[in-house]
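> Just so it is clear, I am handing over run-v4.cif, which has mmCIF, C-alpha atoms; chains and numbers go by the auth columns.
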```
data_final
#
loop_
_atom_site.group_PDB
_atom_site.id
_atom_site.type_symbol
_atom_site.label_atom_id
_atom_site.label_comp_id
_atom_site.label_asym_id
_atom_site.label_seq_id
_atom_site.Cartn_x
_atom_site.Cartn_y
_atom_site.Cartn_z
_atom_site.B_iso_or_equiv
_atom_site.auth_seq_id
_atom_site.auth_asym_id
ATOM 1 C CA MET A 1 32.196 13.690 -10.086 0.00 49 O
ATOM 2 C CA SER A 2 35.376 14.393 -8.121 0.00 50 O
ATOM 3 C CA ALA A 3 35.773 13.621 -4.424 0.00 51 O
ATOM 4 C CA ALA A 4 35.868 17.350 -3.695 0.00 52 O
ATOM 5 C CA GLU A 5 32.575 17.918 -5.512 0.00 53 O
ATOM 6 C CA GLY A 6 30.979 15.070 -3.586 0.00 54 O
ATOM 7 C CA ASN A 7 32.269 16.477 -0.298 0.00 55 O
ATOM 8 C CA ASN A 8 30.794 19.894 -1.129 0.00 56 O
ATOM 9 C CA GLY A 9 27.430 18.281 -1.793 0.00 57 O
ATOM 10 C CA ASP A 10 27.559 16.378 1.494 0.00 58 O
ATOM 11 C CA ALA A 11 28.669 19.520 3.352 0.00 59 O
ATOM 12 C CA ALA A 12 25.833 21.564 1.844 0.00 60 O
ATOM 13 C CA ARG A 13 23.225 18.950 2.777 0.00 61 O
ATOM 14 C CA ARG A 14 24.584 18.596 6.311 0.00 62 O
ATOM 15 C CA PHE A 15 24.549 22.386 6.678 0.00 63 O
ATOM 16 C CA VAL A 16 20.876 22.608 5.681 0.00 64 O
ATOM 17 C CA ARG A 17 19.941 19.725 7.996 0.00 65 O
ATOM 18 C CA GLY A 18 21.025 21.891 10.913 0.00 66 O
ATOM 19 C CA GLN A 19 18.527 24.648 10.057 0.00 67 O
ATOM 20 C CA HIS A 20 14.737 24.715 10.134 0.00 68 O
ATOM 21 C CA SER A 21 13.728 27.986 8.483 0.00 69 O
ATOM 22 C CA GLY A 22 14.803 30.072 5.524 0.00 70 O
ATOM 23 C CA VAL A 23 13.670 32.689 3.035 0.00 71 O
ATOM 24 C CA LEU A 24 11.591 31.354 0.157 0.00 72 O
ATOM 25 C CA SER A 25 11.592 33.331 -3.079 0.00 73 O
ATOM 26 C CA THR A 26 8.909 32.690 -5.668 0.00 74 O
ATOM 27 C CA ILE A 27 8.120 34.362 -8.988 0.00 75 O
ATOM 28 C CA SER A 28 5.376 36.868 -8.326 0.00 76 O
ATOM 29 C CA LYS A 29 2.101 36.419 -10.136 0.00 77 O
ATOM 30 C CA ARG A 30 0.648 39.687 -8.823 0.00 78 O
ATOM 31 C CA VAL A 31 3.680 41.820 -9.767 0.00 79 O
ATOM 32 C CA GLU A 32 4.737 39.948 -12.865 0.00 80 O
ATOM 33 C CA GLY A 33 8.363 38.891 -13.150 0.00 81 O
ATOM 34 C CA PHE A 34 9.513 40.128 -9.752 0.00 82 O
ATOM 35 C CA PRO A 35 10.855 37.821 -7.012 0.00 83 O
ATOM 36 C CA PHE A 36 8.657 37.561 -3.920 0.00 84 O
ATOM 37 C CA GLY A 37 10.354 36.655 -0.635 0.00 85 O
ATOM 38 C CA SER A 38 8.711 35.138 2.421 0.00 86 O
ATOM 39 C CA VAL A 39 9.757 33.407 5.641 0.00 87 O
ATOM 40 C CA ALA A 40 9.507 29.628 5.306 0.00 88 O
ATOM 41 C CA PRO A 41 9.840 27.077 8.119 0.00 89 O
ATOM 42 C CA PHE A 42 10.846 23.731 6.620 0.00 90 O
ATOM 43 C CA ILE A 43 12.096 20.249 7.291 0.00 91 O
ATOM 44 C CA LEU A 44 14.276 18.062 5.106 0.00 92 O
ATOM 45 C CA ASP A 45 13.117 14.655 4.011 0.00 93 O
ATOM 46 C CA GLN A 46 15.580 11.788 4.287 0.00 94 O
ATOM 47 C CA SER A 47 17.072 12.552 0.854 0.00 95 O
ATOM 48 C CA GLY A 48 17.691 16.227 1.667 0.00 96 O
ATOM 49 C CA CYS A 49 14.769 17.872 -0.151 0.00 97 O
ATOM 50 C CA PRO A 50 13.184 20.773 1.786 0.00 98 O
ATOM 51 C CA VAL A 51 9.486 20.362 2.582 0.00 99 O
ATOM 52 C CA ILE A 52 7.336 23.390 3.445 0.00 100 O
ATOM 53 C CA LEU A 53 3.780 23.609 4.804 0.00 101 O
ATOM 54 C CA ILE A 54 1.853 26.423 3.095 0.00 102 O
ATOM 55 C CA SER A 55 -1.736 27.599 2.653 0.00 103 O
ATOM 56 C CA THR A 56 -3.622 28.006 -0.596 0.00 104 O
ATOM 57 C CA LEU A 57 -4.400 31.561 0.589 0.00 105 O
ATOM 58 C CA ALA A 58 -0.732 32.544 0.809 0.00 106 O
ATOM 59 C CA GLU A 59 0.837 34.703 -1.881 0.00 107 O
ATOM 60 C CA HIS A 60 3.782 32.364 -2.327 0.00 108 O
ATOM 61 C CA THR A 61 1.479 29.366 -2.858 0.00 109 O
ATOM 62 C CA ARG A 62 -0.343 31.139 -5.648 0.00 110 O
ATOM 63 C CA ASN A 63 3.016 31.996 -7.174 0.00 111 O
ATOM 64 C CA ILE A 64 4.210 28.378 -6.961 0.00 112 O
ATOM 65 C CA ASP A 65 1.028 27.020 -8.490 0.00 113 O
ATOM 66 C CA ALA A 66 1.575 29.365 -11.439 0.00 114 O
ATOM 67 C CA ASP A 67 5.331 28.750 -11.719 0.00 115 O
ATOM 68 C CA PRO A 68 7.055 26.063 -9.589 0.00 116 O
ATOM 69 C CA ARG A 69 10.552 27.619 -9.840 0.00 117 O
ATOM 70 C CA VAL A 70 11.695 28.739 -6.389 0.00 118 O
ATOM 71 C CA SER A 71 14.774 29.629 -4.395 0.00 119 O
ATOM 72 C CA LEU A 72 15.304 28.864 -0.714 0.00 120 O
ATOM 73 C CA ILE A 73 18.166 30.523 1.140 0.00 121 O
ATOM 74 C CA VAL A 74 19.179 28.976 4.443 0.00 122 O
ATOM 75 C CA GLN A 75 21.481 30.863 6.803 0.00 123 O
ATOM 76 C CA PRO A 76 21.676 31.022 10.593 0.00 124 O
ATOM 77 C CA TYR A 77 21.985 34.418 12.229 0.00 125 O
ATOM 78 C CA SER A 78 25.526 35.726 12.655 0.00 126 O
ATOM 79 C CA PRO A 79 26.900 39.124 13.718 0.00 127 O
ATOM 80 C CA ASP A 80 28.651 39.158 10.329 0.00 128 O
ATOM 81 C CA MET A 81 26.212 37.620 7.852 0.00 129 O
ATOM 82 C CA GLN A 82 28.582 38.112 4.916 0.00 130 O
ATOM 83 C CA VAL A 83 31.159 35.640 6.192 0.00 131 O
ATOM 84 C CA ALA A 84 28.750 33.113 7.711 0.00 132 O
ATOM 85 C CA GLY A 85 27.978 29.881 5.865 0.00 133 O
ATOM 86 C CA ARG A 86 24.817 29.641 3.809 0.00 134 O
ATOM 87 C CA VAL A 87 23.076 27.573 1.163 0.00 135 O
ATOM 88 C CA THR A 88 20.834 28.799 -1.649 0.00 136 O
ATOM 89 C CA LEU A 89 18.796 25.991 -3.122 0.00 137 O
ATOM 90 C CA LEU A 90 17.202 26.500 -6.554 0.00 138 O
ATOM 91 C CA GLY A 91 14.474 24.025 -7.353 0.00 139 O
ATOM 92 C CA LEU A 92 10.965 23.108 -8.350 0.00 140 O
ATOM 93 C CA ALA A 93 8.248 23.101 -5.672 0.00 141 O
ATOM 94 C CA ARG A 94 5.772 20.234 -6.052 0.00 142 O
ATOM 95 C CA ARG A 95 2.626 19.753 -3.990 0.00 143 O
ATOM 96 C CA LEU A 96 2.426 16.455 -2.095 0.00 144 O
ATOM 97 C CA ASP A 97 -0.970 14.784 -2.283 0.00 145 O
ATOM 98 C CA ASP A 98 -0.614 13.063 1.097 0.00 146 O
ATOM 99 C CA LYS A 99 0.057 15.057 4.277 0.00 147 O
ATOM 100 C CA SER A 100 0.046 12.069 6.595 0.00 148 O
ATOM 101 C CA ALA A 101 3.430 10.564 5.678 0.00 149 O
ATOM 102 C CA LEU A 102 5.560 13.591 6.589 0.00 150 O
ATOM 103 C CA GLY A 103 3.108 15.155 9.030 0.00 151 O
ATOM 104 C CA PRO A 104 4.459 13.614 12.264 0.00 152 O
ATOM 105 C CA ARG A 105 8.065 14.478 11.333 0.00 153 O
ATOM 106 C CA TYR A 106 7.175 18.060 10.447 0.00 154 O
ATOM 107 C CA LEU A 107 5.266 18.594 13.695 0.00 155 O
ATOM 108 C CA ARG A 108 8.115 17.228 15.809 0.00 156 O
ATOM 109 C CA PHE A 109 10.296 20.031 14.453 0.00 157 O
ATOM 110 C CA HIS A 110 7.519 22.644 14.273 0.00 158 O
ATOM 111 C CA PRO A 111 4.935 21.786 16.970 0.00 159 O
ATOM 112 C CA GLN A 112 3.511 25.318 16.772 0.00 160 O
ATOM 113 C CA ALA A 113 2.187 24.438 13.289 0.00 161 O
ATOM 114 C CA GLU A 114 -0.231 21.796 14.586 0.00 162 O
ATOM 115 C CA SER A 115 -3.304 24.006 14.122 0.00 163 O
ATOM 116 C CA TYR A 116 -2.219 24.868 10.571 0.00 164 O
ATOM 117 C CA PHE A 117 -1.572 21.232 9.744 0.00 165 O
ATOM 118 C CA ALA A 118 -5.153 20.342 10.700 0.00 166 O
ATOM 119 C CA MET A 119 -6.610 22.869 8.252 0.00 167 O
ATOM 120 C CA HIS A 120 -7.675 21.626 4.826 0.00 168 O
ATOM 121 C CA ASP A 121 -6.128 24.554 2.970 0.00 169 O
ATOM 122 C CA PHE A 122 -2.580 23.744 4.122 0.00 170 O
ATOM 123 C CA SER A 123 -0.470 21.336 2.064 0.00 171 O
ATOM 124 C CA PHE A 124 3.102 20.137 1.911 0.00 172 O
ATOM 125 C CA TYR A 125 5.270 21.187 -1.009 0.00 173 O
ATOM 126 C CA ARG A 126 8.594 19.440 -1.634 0.00 174 O
ATOM 127 C CA ILE A 127 11.370 21.454 -3.268 0.00 175 O
ATOM 128 C CA GLU A 128 13.278 19.274 -5.717 0.00 176 O
ATOM 129 C CA PRO A 129 16.750 20.781 -6.216 0.00 177 O
ATOM 130 C CA VAL A 130 17.954 21.879 -9.641 0.00 178 O
ATOM 131 C CA ARG A 131 21.212 23.482 -8.454 0.00 179 O
ATOM 132 C CA ILE A 132 22.634 24.415 -5.074 0.00 180 O
ATOM 133 C CA ARG A 133 24.934 27.296 -4.166 0.00 181 O
ATOM 134 C CA TYR A 134 26.998 26.460 -1.095 0.00 182 O
ATOM 135 C CA ILE A 135 29.079 29.061 0.709 0.00 183 O
ATOM 136 C CA GLY A 136 30.948 27.402 3.540 0.00 184 O
ATOM 137 C CA GLY A 137 32.694 30.584 4.683 0.00 185 O
ATOM 138 C CA PHE A 138 35.016 33.185 3.227 0.00 186 O
ATOM 139 C CA GLY A 139 36.417 31.960 -0.099 0.00 187 O
ATOM 140 C CA LYS A 140 34.566 28.625 0.096 0.00 188 O
ATOM 141 C CA ILE A 141 32.058 29.102 -2.706 0.00 189 O
ATOM 142 C CA HIS A 142 30.721 26.191 -4.738 0.00 190 O
ATOM 143 C CA TRP A 143 27.949 25.258 -7.155 0.00 191 O
ATOM 144 C CA VAL A 144 26.612 21.813 -6.327 0.00 192 O
ATOM 145 C CA GLU A 145 24.543 19.528 -8.547 0.00 193 O
ATOM 146 C CA PRO A 146 21.533 17.587 -7.183 0.00 194 O
ATOM 147 C CA ALA A 147 23.322 14.261 -7.635 0.00 195 O
ATOM 148 C CA GLN A 148 26.099 15.523 -5.342 0.00 196 O
ATOM 149 C CA TYR A 149 23.666 16.903 -2.759 0.00 197 O
ATOM 150 C CA LEU A 150 20.843 14.367 -2.483 0.00 198 O
ATOM 151 C CA PHE A 151 21.165 11.217 -0.364 0.00 199 O
ATOM 152 C CA ALA A 152 20.004 7.936 -1.871 0.00 200 O
ATOM 153 C CA GLU A 153 16.946 6.186 -0.469 0.00 201 O
ATOM 154 C CA SER A 154 17.579 4.068 2.634 0.00 202 O
ATOM 155 C CA THR A 155 15.574 1.916 5.015 0.00 203 O
ATOM 156 C CA LEU A 156 16.018 4.574 7.705 0.00 204 O
ATOM 157 C CA VAL A 157 12.879 6.272 6.336 0.00 205 O
ATOM 158 C CA GLU A 158 10.672 3.431 7.565 0.00 206 O
ATOM 159 C CA GLN A 159 12.676 2.854 10.756 0.00 207 O
ATOM 160 C CA GLU A 160 12.815 6.443 12.044 0.00 208 O
ATOM 161 C CA ASN A 161 9.711 6.308 14.262 0.00 209 O
ATOM 162 C CA ASP A 162 10.781 3.044 15.927 0.00 210 O
ATOM 163 C CA ILE A 163 14.249 4.439 16.635 0.00 211 O
ATOM 164 C CA LEU A 164 12.788 7.597 18.188 0.00 212 O
ATOM 165 C CA GLN A 165 10.385 5.639 20.387 0.00 213 O
ATOM 166 C CA HIS A 166 13.174 3.355 21.588 0.00 214 O
ATOM 167 C CA MET A 167 15.620 6.167 22.348 0.00 215 O
ATOM 168 C CA ASN A 168 13.062 8.347 24.119 0.00 216 O
ATOM 169 C CA ALA A 169 11.604 5.484 26.176 0.00 217 O
ATOM 170 C CA ASP A 170 14.795 3.616 27.092 0.00 218 O
ATOM 171 C CA HIS A 171 17.765 5.951 26.637 0.00 219 O
ATOM 172 C CA ALA A 172 16.697 9.407 27.758 0.00 220 O
ATOM 173 C CA GLU A 173 19.788 9.633 29.961 0.00 221 O
ATOM 174 C CA ASN A 174 22.000 9.070 26.910 0.00 222 O
ATOM 175 C CA LEU A 175 20.282 11.920 25.072 0.00 223 O
ATOM 176 C CA CYS A 176 21.070 14.254 27.965 0.00 224 O
ATOM 177 C CA ALA A 177 24.668 12.987 27.941 0.00 225 O
ATOM 178 C CA TYR A 178 24.918 13.699 24.195 0.00 226 O
ATOM 179 C CA CYS A 179 23.773 17.286 24.806 0.00 227 O
ATOM 180 C CA ARG A 180 26.404 17.774 27.493 0.00 228 O
ATOM 181 C CA HIS A 181 29.234 16.044 25.614 0.00 229 O
ATOM 182 C CA VAL A 182 28.749 17.584 22.147 0.00 230 O
ATOM 183 C CA HIS A 183 27.134 20.963 22.843 0.00 231 O
ATOM 184 C CA ALA A 184 28.066 21.609 26.508 0.00 232 O
ATOM 185 C CA VAL A 185 24.351 21.934 27.312 0.00 233 O
ATOM 186 C CA GLU A 186 23.241 20.719 30.733 0.00 234 O
ATOM 187 C CA THR A 187 19.705 19.367 30.615 0.00 235 O
ATOM 188 C CA THR A 188 17.553 16.800 32.363 0.00 236 O
ATOM 189 C CA GLN A 189 14.798 16.842 29.742 0.00 237 O
ATOM 190 C CA SER A 190 15.458 15.787 26.171 0.00 238 O
ATOM 191 C CA ALA A 191 13.780 13.921 23.322 0.00 239 O
ATOM 192 C CA MET A 192 15.037 12.753 19.955 0.00 240 O
ATOM 193 C CA ILE A 193 12.761 14.268 17.301 0.00 241 O
ATOM 194 C CA GLY A 194 14.429 13.114 14.100 0.00 242 O
ATOM 195 C CA ILE A 195 17.126 10.876 12.684 0.00 243 O
ATOM 196 C CA ASP A 196 18.473 10.813 9.140 0.00 244 O
ATOM 197 C CA PRO A 197 21.525 9.448 7.323 0.00 245 O
ATOM 198 C CA ASP A 198 23.634 12.465 8.356 0.00 246 O
ATOM 199 C CA GLY A 199 22.734 12.700 12.036 0.00 247 O
ATOM 200 C CA PHE A 200 19.916 13.284 14.513 0.00 248 O
ATOM 201 C CA ASP A 201 18.114 16.094 16.337 0.00 249 O
ATOM 202 C CA VAL A 202 17.258 16.427 20.021 0.00 250 O
ATOM 203 C CA ARG A 203 14.825 18.854 21.611 0.00 251 O
ATOM 204 C CA CYS A 204 15.975 19.751 25.111 0.00 252 O
ATOM 205 C CA ALA A 205 15.296 22.201 27.911 0.00 253 O
ATOM 206 C CA ASP A 206 18.188 24.631 28.360 0.00 254 O
ATOM 207 C CA ALA A 207 17.974 27.318 31.063 0.00 255 O
ATOM 208 C CA GLY A 208 14.204 27.038 31.091 0.00 256 O
ATOM 209 C CA ALA A 209 13.813 27.380 27.318 0.00 257 O
ATOM 210 C CA GLU A 210 13.439 24.695 24.671 0.00 258 O
ATOM 211 C CA ARG A 211 15.946 24.378 21.866 0.00 259 O
ATOM 212 C CA VAL A 212 16.787 21.857 19.151 0.00 260 O
ATOM 213 C CA LEU A 213 20.356 20.572 18.958 0.00 261 O
ATOM 214 C CA ARG A 214 21.862 18.914 15.908 0.00 262 O
ATOM 215 C CA PHE A 215 24.248 15.939 16.130 0.00 263 O
ATOM 216 C CA ASP A 216 26.215 14.838 13.049 0.00 264 O
ATOM 217 C CA PHE A 217 27.258 11.258 12.406 0.00 265 O
ATOM 218 C CA THR A 218 30.890 10.792 11.401 0.00 266 O
ATOM 219 C CA ALA A 219 29.799 8.420 8.600 0.00 267 O
ATOM 220 C CA PRO A 220 26.451 7.975 6.814 0.00 268 O
ATOM 221 C CA VAL A 221 23.850 5.816 8.555 0.00 269 O
ATOM 222 C CA THR A 222 21.365 3.987 6.341 0.00 270 O
ATOM 223 C CA ASN A 223 19.580 1.534 8.644 0.00 271 O
ATOM 224 C CA ALA A 224 18.630 0.873 12.257 0.00 272 O
ATOM 225 C CA LEU A 225 21.657 -1.327 12.942 0.00 273 O
ATOM 226 C CA GLN A 226 24.095 1.345 11.788 0.00 274 O
ATOM 227 C CA ALA A 227 22.151 3.941 13.779 0.00 275 O
ATOM 228 C CA ARG A 228 22.419 1.806 16.918 0.00 276 O
ATOM 229 C CA GLN A 229 26.170 1.407 16.440 0.00 277 O
ATOM 230 C CA ALA A 230 26.666 5.156 15.981 0.00 278 O
ATOM 231 C CA LEU A 231 24.510 6.020 19.000 0.00 279 O
ATOM 232 C CA VAL A 232 26.261 3.468 21.227 0.00 280 O
ATOM 233 C CA ALA A 233 29.649 4.845 20.174 0.00 281 O
ATOM 234 C CA LEU A 234 28.513 8.365 21.022 0.00 282 O
ATOM 235 C CA ALA A 235 27.209 7.232 24.420 0.00 283 O
ATOM 236 C CA GLN A 236 30.567 5.623 25.193 0.00 284 O
ATOM 237 C CA ALA A 237 32.384 8.820 24.179 0.00 285 O
ATOM 238 C CA ALA A 238 30.050 10.881 26.349 0.00 286 O
ATOM 239 C CA ARG A 239 30.710 8.652 29.391 0.00 287 O
ATOM 240 C CA SER A 240 34.467 8.748 28.924 0.00 288 O
#
```
Taking this structure as input, can you express it in the form of structure tokens?

Amino acid sequence: MSAAEGNNGDAARRFVRGQHSGVLSTISKRVEGFPFGSVAPFILDQSGCPVILISTLAEHTRNIDADPRVSLIVQPYSPDMQVAGRVTLLGLARRLDDKSALGPRYLRFHPQAESYFAMHDFSFYRIEPVRIRYIGGFGKIHWVEPAQYLFAESTLVEQENDILQHMNADHAENLCAYCRHVHAVETTQSAMIGIDPDGFDVRCADAGAERVLRFDFTAPVTNALQARQALVALAQAARS
């Protein structure tokens, strides 16, 4: 794998980490052979695999259970959608037997799904990438392999909750400073809702409305010590 290929994989994963919904296409069981598209809120696990919460009653779930091949396109709104960046992830959707492990993380990003999460007919499905199409802008078009896209396992998975509790309890003022320094958002209410090897996410109040802001690390973070160093460095930059 060349350095450029690796960079495209990292760029694609970082792009998807900044989004939380996409269009899921499954292979229709009802209208055989045709693609079936549906809106799909998602989160990424620490490796970069999308995880969706879906009901057994949904058309796309029935399609997945019959044929796990799916496509997820992720693209933020832009006045010119043709030139905006986007990622299309082709993969296999697998049902997760345990909802509890990823449940808290999913609900931090999608708190409106709490009532769905409590229902027995809703389950998590993880999409395991087979190939990724990354368009970073006009003329920046790349096919990316899973090995280039996925992030290796790290101890940050087990340490995420402790980091969030510490930051939200003891460093809320730093979170507000991050919002101002990186995104020019003035807020007095903010909470870190997720941290991963590529960066972290903060939910804040902006002009009376809540929004989630993404912050990218300049280098990968794989444990709590590295996370602390990156967050301290960002706090110092925000103060200066």
> Restrict the calculation to only C-alpha atoms, then for each residue of stretch 68-182 of chain O with any atom at most 12 Å from an atom of stretch 242-252 of chain O give the closest atom pair and their distance in Å to one decimal, rows by chain and rising residue number, as JSON lines.

```
{"residue": "O:His68", "atom": "CA", "partner": "O:Asp249", "partner_atom": "CA", "distance": 11.1}
{"residue": "O:Ile91", "atom": "CA", "partner": "O:Gly242", "partner_atom": "CA", "distance": 10.1}
{"residue": "O:Leu92", "atom": "CA", "partner": "O:Asp244", "partner_atom": "CA", "distance": 9.3}
{"residue": "O:Asp93", "atom": "CA", "partner": "O:Asp244", "partner_atom": "CA", "distance": 8.4}
{"residue": "O:Gln94", "atom": "CA", "partner": "O:Asp244", "partner_atom": "CA", "distance": 5.7}
{"residue": "O:Ser95", "atom": "CA", "partner": "O:Pro245", "partner_atom": "CA", "distance": 8.4}
{"residue": "O:Gly96", "atom": "CA", "partner": "O:Asp244", "partner_atom": "CA", "distance": 9.3}
{"residue": "O:Leu150", "atom": "CA", "partner": "O:Gly242", "partner_atom": "CA", "distance": 11.6}
{"residue": "O:Pro152", "atom": "CA", "partner": "O:Gly242", "partner_atom": "CA", "distance": 10.1}
{"residue": "O:Arg153", "atom": "CA", "partner": "O:Gly242", "partner_atom": "CA", "distance": 7.1}
{"residue": "O:Tyr154", "atom": "CA", "partner": "O:Gly242", "partner_atom": "CA", "distance": 9.5}
{"residue": "O:Leu155", "atom": "CA", "partner": "O:Gly242", "partner_atom": "CA", "distance": 10.7}
{"residue": "O:Arg156", "atom": "CA", "partner": "O:Gly242", "partner_atom": "CA", "distance": 7.7}
{"residue": "O:Phe157", "atom": "CA", "partner": "O:Gly242", "partner_atom": "CA", "distance": 8.1}
{"residue": "O:His158", "atom": "CA", "partner": "O:Arg251", "partner_atom": "CA", "distance": 11.0}
{"residue": "O:Pro159", "atom": "CA", "partner": "O:Arg251", "partner_atom": "CA", "distance": 11.3}
```
> The PyMOL selection byres ((chain O and resi 102-108) around 8) on the file shown: which residues, as a PyMOL selection string?
chain O and resi 73-74+76+84+86+100-101+109-112+169-173
> The selected residues should be written to file as a PDB file, in the frame of the given file (atoms: C-alpha atoms).

```pdb
ATOM      1  CA  SER O  73      11.592  33.331  -3.079  1.00  0.00           C
ATOM      2  CA  THR O  74       8.909  32.690  -5.668  1.00  0.00           C
ATOM      3  CA  SER O  76       5.376  36.868  -8.326  1.00  0.00           C
ATOM      4  CA  PHE O  84       8.657  37.561  -3.920  1.00  0.00           C
ATOM      5  CA  SER O  86       8.711  35.138   2.421  1.00  0.00           C
ATOM      6  CA  ILE O 100       7.336  23.390   3.445  1.00  0.00           C
ATOM      7  CA  LEU O 101       3.780  23.609   4.804  1.00  0.00           C
ATOM      8  CA  THR O 109       1.479  29.366  -2.858  1.00  0.00           C
ATOM      9  CA  ARG O 110      -0.343  31.139  -5.648  1.00  0.00           C
ATOM     10  CA  ASN O 111       3.016  31.996  -7.174  1.00  0.00           C
ATOM     11  CA  ILE O 112       4.210  28.378  -6.961  1.00  0.00           C
ATOM     12  CA  ASP O 169      -6.128  24.554   2.970  1.00  0.00           C
ATOM     13  CA  PHE O 170      -2.580  23.744   4.122  1.00  0.00           C
ATOM     14  CA  SER O 171      -0.470  21.336   2.064  1.00  0.00           C
ATOM     15  CA  PHE O 172       3.102  20.137   1.911  1.00  0.00           C
ATOM     16  CA  TYR O 173       5.270  21.187  -1.009  1.00  0.00           C
TER      17      TYR O 173
END
```
> Could you check which of O:Gln160, O:Thr136, O:Ser238, O:Asn271 is closest to O:Asp210, using all atoms listed in the file?
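Distance minimum relative to O:Asp210 lands on O:Asn271.
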> Step by step, gather every atom of stretch 63-71 of chain O that the file lists, find the box along x, y and z that holds them, add 3 Å on each side, and finally give centre and edge lengths in Å to one decimal, as AutoDock Vina command-line options.

```
--center_x 19.1 --center_y 26.2 --center_z 7.0 --size_x 16.9 --size_y 19.0 --size_z 13.9
```
> Residues picked by the PyMOL selection byres ((chain O and resi 62) around 12) here, as an MDAnalysis selection string?
chainID O and resid 55:61 63:67 92 94:97 122 133:135 182 184 197:199 244:248 262:268
> Have a look at atom CA of O:Val230 and atom CA of O:Pro124 and let me know their distance in Å, one decimal.
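Atom-to-atom, atom CA of O:Val230 to atom CA of O:Pro124, that is 19.1 Å.
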> Evaluated on this file, the PyMOL selection byres ((chain O and resi 137) around 6) picks out some residues - which ones are they, written as a list in words?
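Those residues are Ser119, Leu120, Thr136, Leu138 and Ile180 of chain O.
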> Those residues with C-alpha atoms, as a PDB file, keeping the file's coordinate frame please?

```pdb
ATOM      1  CA  SER O 119      14.774  29.629  -4.395  1.00  0.00           C
ATOM      2  CA  LEU O 120      15.304  28.864  -0.714  1.00  0.00           C
ATOM      3  CA  THR O 136      20.834  28.799  -1.649  1.00  0.00           C
ATOM      4  CA  LEU O 138      17.202  26.500  -6.554  1.00  0.00           C
ATOM      5  CA  ILE O 180      22.634  24.415  -5.074  1.00  0.00           C
TER       6      ILE O 180
END
```
> With N, CA and C atoms as the target, complete stretch 218-229 of chain O and hand it back as a tab-separated table (two decimals), in the coordinates of the input.

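Listed below is the output, selection_13.tsv:
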```tsv
chain	number	residue	atom	x	y	z
O	218	ASP	N	13.79	4.42	26.39
O	218	ASP	CA	14.80	3.62	27.09
O	218	ASP	C	16.15	4.28	27.28
O	219	HIS	N	16.42	5.37	26.57
O	219	HIS	CA	17.76	5.95	26.64
O	219	HIS	C	17.74	7.47	26.78
O	220	ALA	N	16.79	7.96	27.55
O	220	ALA	CA	16.70	9.41	27.76
O	220	ALA	C	17.95	9.95	28.41
O	221	GLU	N	18.57	9.16	29.29
O	221	GLU	CA	19.79	9.63	29.96
O	221	GLU	C	20.94	9.79	28.97
O	222	ASN	N	20.96	8.94	27.94
O	222	ASN	CA	22.00	9.07	26.91
O	222	ASN	C	21.81	10.35	26.11
O	223	LEU	N	20.55	10.69	25.82
O	223	LEU	CA	20.28	11.92	25.07
O	223	LEU	C	20.79	13.14	25.83
O	224	CYS	N	20.57	13.15	27.15
O	224	CYS	CA	21.07	14.25	27.96
O	224	CYS	C	22.60	14.27	27.96
O	225	ALA	N	23.20	13.07	27.97
O	225	ALA	CA	24.67	12.99	27.94
O	225	ALA	C	25.21	13.49	26.60
O	226	TYR	N	24.50	13.18	25.50
O	226	TYR	CA	24.92	13.70	24.20
O	226	TYR	C	24.94	15.23	24.21
O	227	CYS	N	23.88	15.82	24.77
O	227	CYS	CA	23.77	17.29	24.81
O	227	CYS	C	24.95	17.90	25.57
O	228	ARG	N	25.30	17.27	26.67
O	228	ARG	CA	26.40	17.77	27.49
O	228	ARG	C	27.75	17.57	26.79
O	229	HIS	N	27.94	16.40	26.20
O	229	HIS	CA	29.23	16.04	25.61
O	229	HIS	C	29.52	16.83	24.33
```
